[in-house]
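The file upload_16.pdb comes next; it holds PDB, C-alpha atoms, pLDDT in the B column.
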MODEL        1
ATOM      1  CA  MET A  19     -13.478  -2.361  -8.551  1.00 76.00           C
ATOM      2  CA  THR A  20     -15.844  -2.381  -5.625  1.00 91.00           C
ATOM      3  CA  TYR A  21     -14.605  -3.237  -2.153  1.00 97.00           C
ATOM      4  CA  THR A  22     -16.606  -3.259   1.053  1.00 97.00           C
ATOM      5  CA  ASP A  23     -15.551  -1.020   3.888  1.00 97.00           C
ATOM      6  CA  ASP A  24     -15.193  -4.109   6.084  1.00 98.00           C
ATOM      7  CA  PHE A  25     -12.798  -5.696   3.579  1.00 98.00           C
ATOM      8  CA  LEU A  26     -10.616  -2.569   3.390  1.00 98.00           C
ATOM      9  CA  ARG A  27     -10.768  -1.990   7.158  1.00 98.00           C
ATOM     10  CA  THR A  28      -9.684  -5.584   7.835  1.00 98.00           C
ATOM     11  CA  ILE A  29      -6.693  -5.199   5.519  1.00 98.00           C
ATOM     12  CA  LEU A  30      -5.597  -1.933   7.111  1.00 98.00           C
ATOM     13  CA  LYS A  31      -6.025  -3.239  10.668  1.00 98.00           C
ATOM     14  CA  ARG A  32      -4.058  -6.459  10.126  1.00 98.00           C
ATOM     15  CA  THR A  33      -1.216  -4.916   8.115  1.00 98.00           C
ATOM     16  CA  LYS A  34       1.962  -4.106  10.017  1.00 98.00           C
ATOM     17  CA  THR A  35       4.666  -3.971   7.313  1.00 98.00           C
ATOM     18  CA  VAL A  36       4.244  -2.416   3.879  1.00 98.00           C
ATOM     19  CA  ALA A  37       6.721  -2.566   0.994  1.00 98.00           C
ATOM     20  CA  VAL A  38       6.081   0.499  -1.172  1.00 98.00           C
ATOM     21  CA  VAL A  39       7.235  -0.263  -4.715  1.00 98.00           C
ATOM     22  CA  GLY A  40       8.022   2.810  -6.803  1.00 98.00           C
ATOM     23  CA  VAL A  41       8.351   5.186  -3.861  1.00 97.00           C
ATOM     24  CA  SER A  42       9.893   8.556  -4.663  1.00 96.00           C
ATOM     25  CA  LEU A  43      12.268  10.532  -2.472  1.00 95.00           C
ATOM     26  CA  ASN A  44      10.649  13.711  -3.809  1.00 95.00           C
ATOM     27  CA  PRO A  45       8.290  15.029  -1.079  1.00 94.00           C
ATOM     28  CA  VAL A  46       5.752  16.381  -3.582  1.00 95.00           C
ATOM     29  CA  ARG A  47       5.182  12.980  -5.216  1.00 96.00           C
ATOM     30  CA  PRO A  48       2.147  10.964  -4.062  1.00 95.00           C
ATOM     31  CA  SER A  49       4.263   7.875  -3.389  1.00 96.00           C
ATOM     32  CA  TYR A  50       6.379   9.873  -0.928  1.00 97.00           C
ATOM     33  CA  TYR A  51       3.537  11.324   1.077  1.00 93.00           C
ATOM     34  CA  VAL A  52       1.536   8.083   1.115  1.00 97.00           C
ATOM     35  CA  ALA A  53       4.586   6.187   2.422  1.00 97.00           C
ATOM     36  CA  ARG A  54       5.266   8.962   4.948  1.00 97.00           C
ATOM     37  CA  TYR A  55       1.663   8.925   6.130  1.00 96.00           C
ATOM     38  CA  LEU A  56       1.691   5.153   6.605  1.00 97.00           C
ATOM     39  CA  ALA A  57       4.951   5.405   8.568  1.00 97.00           C
ATOM     40  CA  LEU A  58       3.469   8.141  10.771  1.00 95.00           C
ATOM     41  CA  LYS A  59       0.464   5.889  11.441  1.00 96.00           C
ATOM     42  CA  GLY A  60       2.732   3.181  12.828  1.00 96.00           C
ATOM     43  CA  PHE A  61       3.152   0.935   9.798  1.00 97.00           C
ATOM     44  CA  THR A  62       6.673  -0.287   9.109  1.00 97.00           C
ATOM     45  CA  VAL A  63       7.373   1.046   5.624  1.00 98.00           C
ATOM     46  CA  ILE A  64      10.038  -0.532   3.438  1.00 98.00           C
ATOM     47  CA  PRO A  65      10.741   1.736   0.458  1.00 98.00           C
ATOM     48  CA  VAL A  66      11.548   0.025  -2.864  1.00 98.00           C
ATOM     49  CA  ASN A  67      13.079   1.944  -5.773  1.00 98.00           C
ATOM     50  CA  PRO A  68      16.143   0.735  -7.714  1.00 97.00           C
ATOM     51  CA  GLY A  69      17.112   4.315  -8.575  1.00 96.00           C
ATOM     52  CA  HIS A  70      17.550   5.173  -4.889  1.00 97.00           C
ATOM     53  CA  ALA A  71      18.763   1.849  -3.463  1.00 97.00           C
ATOM     54  CA  GLY A  72      20.906   2.310  -0.373  1.00 96.00           C
ATOM     55  CA  GLU A  73      19.541   5.760   0.446  1.00 96.00           C
ATOM     56  CA  ARG A  74      17.364   6.284   3.513  1.00 96.00           C
ATOM     57  CA  LEU A  75      13.722   7.282   3.662  1.00 95.00           C
ATOM     58  CA  PHE A  76      11.679   7.557   6.881  1.00 92.00           C
ATOM     59  CA  GLY A  77      14.512   5.817   8.755  1.00 91.00           C
ATOM     60  CA  ALA A  78      14.552   2.800   6.423  1.00 95.00           C
ATOM     61  CA  GLU A  79      17.009   1.810   3.725  1.00 97.00           C
ATOM     62  CA  VAL A  80      15.580   2.007   0.222  1.00 98.00           C
ATOM     63  CA  LYS A  81      15.733  -1.426  -1.398  1.00 98.00           C
ATOM     64  CA  ALA A  82      16.387  -2.015  -5.091  1.00 98.00           C
ATOM     65  CA  SER A  83      13.754  -4.756  -5.329  1.00 98.00           C
ATOM     66  CA  LEU A  84      11.409  -6.868  -3.256  1.00 98.00           C
ATOM     67  CA  ALA A  85      14.002  -9.655  -3.404  1.00 97.00           C
ATOM     68  CA  ASP A  86      16.319  -7.472  -1.298  1.00 98.00           C
ATOM     69  CA  ILE A  87      13.875  -7.401   1.621  1.00 98.00           C
ATOM     70  CA  GLU A  88      14.627  -9.879   4.387  1.00 96.00           C
ATOM     71  CA  ALA A  89      11.757  -8.890   6.677  1.00 96.00           C
ATOM     72  CA  LYS A  90       8.238 -10.301   6.662  1.00 97.00           C
ATOM     73  CA  VAL A  91       5.963  -8.124   4.503  1.00 98.00           C
ATOM     74  CA  ASP A  92       2.195  -8.057   4.951  1.00 98.00           C
ATOM     75  CA  MET A  93       1.307  -5.758   2.062  1.00 98.00           C
ATOM     76  CA  VAL A  94       2.950  -4.665  -1.176  1.00 98.00           C
ATOM     77  CA  ASP A  95       1.744  -1.205  -2.248  1.00 98.00           C
ATOM     78  CA  ILE A  96       2.445  -0.607  -5.948  1.00 98.00           C
ATOM     79  CA  PHE A  97       3.141   2.850  -7.419  1.00 98.00           C
ATOM     80  CA  ARG A  98       3.950   1.709 -10.966  1.00 97.00           C
ATOM     81  CA  ARG A  99       2.185   1.624 -14.323  1.00 97.00           C
ATOM     82  CA  SER A 100      -0.409  -1.096 -14.727  1.00 98.00           C
ATOM     83  CA  ASP A 101       1.678  -2.943 -17.323  1.00 98.00           C
ATOM     84  CA  ALA A 102       4.602  -3.131 -14.859  1.00 98.00           C
ATOM     85  CA  VAL A 103       2.521  -4.900 -12.196  1.00 98.00           C
ATOM     86  CA  PRO A 104       2.759  -8.609 -13.208  1.00 98.00           C
ATOM     87  CA  PRO A 105       6.491  -9.070 -12.521  1.00 98.00           C
ATOM     88  CA  ILE A 106       6.155  -7.147  -9.250  1.00 98.00           C
ATOM     89  CA  VAL A 107       3.354  -9.432  -8.089  1.00 98.00           C
ATOM     90  CA  GLU A 108       5.288 -12.529  -9.188  1.00 98.00           C
ATOM     91  CA  GLU A 109       8.337 -11.365  -7.230  1.00 98.00           C
ATOM     92  CA  ALA A 110       6.193 -10.569  -4.190  1.00 98.00           C
ATOM     93  CA  LEU A 111       4.554 -14.003  -4.240  1.00 98.00           C
ATOM     94  CA  GLU A 112       7.968 -15.691  -4.495  1.00 98.00           C
ATOM     95  CA  GLN A 113       9.643 -13.533  -1.859  1.00 98.00           C
ATOM     96  CA  PHE A 114       6.903 -13.376   0.784  1.00 98.00           C
ATOM     97  CA  PRO A 115       5.139 -16.694   1.411  1.00 97.00           C
ATOM     98  CA  ASP A 116       2.914 -15.069   4.072  1.00 97.00           C
ATOM     99  CA  LEU A 117       1.973 -12.029   1.973  1.00 98.00           C
ATOM    100  CA  GLN A 118      -1.570 -10.945   2.799  1.00 98.00           C
ATOM    101  CA  THR A 119      -2.281  -8.081   0.400  1.00 98.00           C
ATOM    102  CA  VAL A 120      -1.300  -6.653  -2.955  1.00 98.00           C
ATOM    103  CA  TRP A 121      -2.491  -3.055  -3.168  1.00 98.00           C
ATOM    104  CA  MET A 122      -2.381  -1.153  -6.467  1.00 98.00           C
ATOM    105  CA  GLN A 123      -2.588   2.602  -6.252  1.00 97.00           C
ATOM    106  CA  ILE A 124      -5.118   4.898  -7.905  1.00 97.00           C
ATOM    107  CA  GLY A 125      -4.958   4.394 -11.666  1.00 97.00           C
ATOM    108  CA  VAL A 126      -3.169   1.053 -11.353  1.00 98.00           C
ATOM    109  CA  GLU A 127      -5.051  -2.109 -12.336  1.00 98.00           C
ATOM    110  CA  ASN A 128      -3.933  -5.466 -13.684  1.00 98.00           C
ATOM    111  CA  ALA A 129      -6.501  -8.255 -13.705  1.00 98.00           C
ATOM    112  CA  GLU A 130      -3.963 -10.944 -14.650  1.00 98.00           C
ATOM    113  CA  ALA A 131      -1.673 -10.129 -11.724  1.00 98.00           C
ATOM    114  CA  ALA A 132      -4.663  -9.812  -9.397  1.00 98.00           C
ATOM    115  CA  ALA A 133      -5.946 -13.256 -10.384  1.00 98.00           C
ATOM    116  CA  LYS A 134      -2.516 -14.787  -9.786  1.00 98.00           C
ATOM    117  CA  ALA A 135      -2.307 -13.251  -6.294  1.00 98.00           C
ATOM    118  CA  GLU A 136      -5.893 -14.186  -5.413  1.00 98.00           C
ATOM    119  CA  ALA A 137      -5.247 -17.765  -6.530  1.00 98.00           C
ATOM    120  CA  ARG A 138      -2.546 -17.862  -3.840  1.00 97.00           C
ATOM    121  CA  GLY A 139      -4.990 -16.569  -1.209  1.00 98.00           C
ATOM    122  CA  VAL A 140      -3.676 -13.004  -1.258  1.00 98.00           C
ATOM    123  CA  ASP A 141      -6.204 -10.156  -1.026  1.00 98.00           C
ATOM    124  CA  VAL A 142      -5.990  -7.637  -3.859  1.00 98.00           C
ATOM    125  CA  VAL A 143      -7.056  -4.007  -4.000  1.00 98.00           C
ATOM    126  CA  MET A 144      -6.781  -2.082  -7.261  1.00 98.00           C
ATOM    127  CA  ASN A 145      -7.212   1.579  -8.139  1.00 98.00           C
ATOM    128  CA  ARG A 146      -7.354   2.716  -4.508  1.00 97.00           C
ATOM    129  CA  CYS A 147      -5.013   4.484  -2.090  1.00 97.00           C
ATOM    130  CA  PRO A 148      -4.401   3.079   1.406  1.00 98.00           C
ATOM    131  CA  LYS A 149      -3.845   6.596   2.776  1.00 96.00           C
ATOM    132  CA  ILE A 150      -7.226   7.805   1.502  1.00 95.00           C
ATOM    133  CA  GLU A 151      -8.982   4.645   2.640  1.00 96.00           C
ATOM    134  CA  TYR A 152      -7.356   4.793   6.085  1.00 96.00           C
ATOM    135  CA  GLN A 153      -8.408   8.410   6.504  1.00 93.00           C
ATOM    136  CA  ARG A 154     -11.924   7.683   5.274  1.00 91.00           C
ATOM    137  CA  LEU A 155     -12.473   4.544   7.340  1.00 94.00           C
ATOM    138  CA  PHE A 156     -10.876   5.746  10.562  1.00 91.00           C
ATOM    139  CA  GLY A 157     -12.436   9.207  10.701  1.00 83.00           C
ATOM    140  CA  GLU A 158      -9.674  11.536   9.598  1.00 74.00           C
ATOM    141  CA  LEU A 159     -11.301  12.882   6.433  1.00 59.00           C
ATOM    142  CA  ARG A 160     -14.259  14.141   8.459  1.00 51.00           C
ATOM    143  CA  MET A 161     -11.915  16.640  10.111  1.00 49.00           C
ATOM    144  CA  GLY A 162     -11.254  18.096   6.651  1.00 49.00           C
ATOM    145  CA  GLY A 163     -14.954  18.565   5.969  1.00 48.00           C
ATOM    146  CA  PHE A 164     -15.495  15.431   3.874  1.00 50.00           C
ATOM    147  CA  ASN A 165     -18.671  13.413   4.263  1.00 51.00           C
ATOM    148  CA  THR A 166     -17.240   9.918   4.630  1.00 51.00           C
ATOM    149  CA  GLY A 167     -20.588   8.198   5.058  1.00 58.00           C
ATOM    150  CA  ILE A 168     -19.360   6.722   8.338  1.00 55.00           C
ATOM    151  CA  ILE A 169     -21.099   7.820  11.514  1.00 54.00           C
ATOM    152  CA  SER A 170     -18.885   8.097  14.582  1.00 54.00           C
ATOM    153  CA  SER A 171     -18.683  10.132  17.759  1.00 52.00           C
ATOM    154  CA  LYS A 172     -14.924  10.430  17.204  1.00 52.00           C
ATOM    155  CA  LEU A 173     -13.854  13.809  15.808  1.00 48.00           C
TER     156      LEU A 173
ENDMDL
END
So that I can check it, write out the structure of this file as structure tokens.
Amino acid sequence: MTYTDDFLRTILKRTKTVAVVGVSLNPVRPSYYVARYLALKGFTVIPVNPGHAGERLFGAEVKASLADIEAKVDMVDIFRRSDAVPPIVEEALEQFPDLQTVWMQIGVENAEAAAKAEARGVDVVMNRCPKIEYQRLFGELRMGGFNTGIISSKL
């Protein structure tokens, strides 16, 4: 999938609350450190994992499913296998009428689920990581020596 930097930047700027489906409580797992990073950047992160429901992560209660979330959610970030995505997207579309974005992590793609979300006016990103894109688009990867292709006076 190809996404413009403007498209990704717009999503990351407008998003306030992210439900992270498939988050792990293990600090060495990518889902943990992506959720932690987003929380440290000021996003409200709602962790979703039925195996850890009721526990706390980054100050928030882990929910068993998206249906257990009462708050408004702007983005659903999916850390699950590609074949597990359709029911997650269906639940998200039912639960959050104002949902703006479905984001599927690196290695996660499901064209059917993406088409269903896009038909409802929801932006979809597949096979990307919001942490990596945030760092790339807002100048943080440059500090690690990466050439992001974005010119800025900000270090």
Pick out the residues sitting within 10 Å of range 19-36 of chain A, and hand them over as an MDAnalysis selection string; count all atoms listed in the file, and ignore anything fewer than 3 positions along from it in its own chain.
-> chainID A and resid 39 53 56:57 60:65 89:95 117:121 127 141:146 148:149 151:152 154:156 168
Do a neighbour search on Glu130 in chain A at 8 Å with only C-alpha atoms, toss out local chain neighbours closer than 3 positions, and write the hits as a ChimeraX atom specification.
-> /A:104,133-134
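Rounded to one decimal, CA of Ala137 in chain A and CA of Ser100 in chain A lie 19.2 Å from each other.
Closest approach to Phe97 in chain A from the set A:Ala82, A:Ile124, A:Gly69, A:Glu109 is made by A:Ile124, with distances taken over all atoms listed in the file.
The coordinates place CA of Arg47 in chain A at 27.3 Å from CA of Ala135 in chain A.
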Would you kindly identify which residues have an atom no farther than 12 Å from (-0.3, 1.9, -18.7), using all atoms listed in the file and the file's own coordinates, and write them out as a PDB file with C-alpha atoms, in the frame of the given file?
ATOM      1  CA  PHE A  97       3.141   2.850  -7.419  1.00 98.00           C
ATOM      2  CA  ARG A  98       3.950   1.709 -10.966  1.00 97.00           C
ATOM      3  CA  ARG A  99       2.185   1.624 -14.323  1.00 97.00           C
ATOM      4  CA  SER A 100      -0.409  -1.096 -14.727  1.00 98.00           C
ATOM      5  CA  ASP A 101       1.678  -2.943 -17.323  1.00 98.00           C
ATOM      6  CA  ALA A 102       4.602  -3.131 -14.859  1.00 98.00           C
ATOM      7  CA  VAL A 103       2.521  -4.900 -12.196  1.00 98.00           C
ATOM      8  CA  GLY A 125      -4.958   4.394 -11.666  1.00 97.00           C
ATOM      9  CA  VAL A 126      -3.169   1.053 -11.353  1.00 98.00           C
ATOM     10  CA  GLU A 127      -5.051  -2.109 -12.336  1.00 98.00           C
ATOM     11  CA  ASN A 128      -3.933  -5.466 -13.684  1.00 98.00           C
TER      12      ASN A 128
END
Tell me, as a PDB file with C-alpha atoms, keeping the file's coordinate frame, which residues lie within 8 Å of Leu84 in chain A, counting all atoms listed in the file; anything in the same chain fewer than 2 positions away does not count.
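Once everything was written out, this is part_5.pdb:
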ATOM      1  CA  ALA A  37       6.721  -2.566   0.994  1.00 98.00           C
ATOM      2  CA  VAL A  39       7.235  -0.263  -4.715  1.00 98.00           C
ATOM      3  CA  VAL A  66      11.548   0.025  -2.864  1.00 98.00           C
ATOM      4  CA  LYS A  81      15.733  -1.426  -1.398  1.00 98.00           C
ATOM      5  CA  ALA A  82      16.387  -2.015  -5.091  1.00 98.00           C
ATOM      6  CA  ASP A  86      16.319  -7.472  -1.298  1.00 98.00           C
ATOM      7  CA  ILE A  87      13.875  -7.401   1.621  1.00 98.00           C
ATOM      8  CA  ILE A 106       6.155  -7.147  -9.250  1.00 98.00           C
ATOM      9  CA  GLU A 109       8.337 -11.365  -7.230  1.00 98.00           C
ATOM     10  CA  ALA A 110       6.193 -10.569  -4.190  1.00 98.00           C
ATOM     11  CA  GLN A 113       9.643 -13.533  -1.859  1.00 98.00           C
TER      12      GLN A 113
END
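Ranking A:Val80, A:Val107, A:Glu158, A:Ile150 by their shortest atom-to-atom distance to Ala129 in chain A, with only C-alpha atoms included, puts A:Val107 first.
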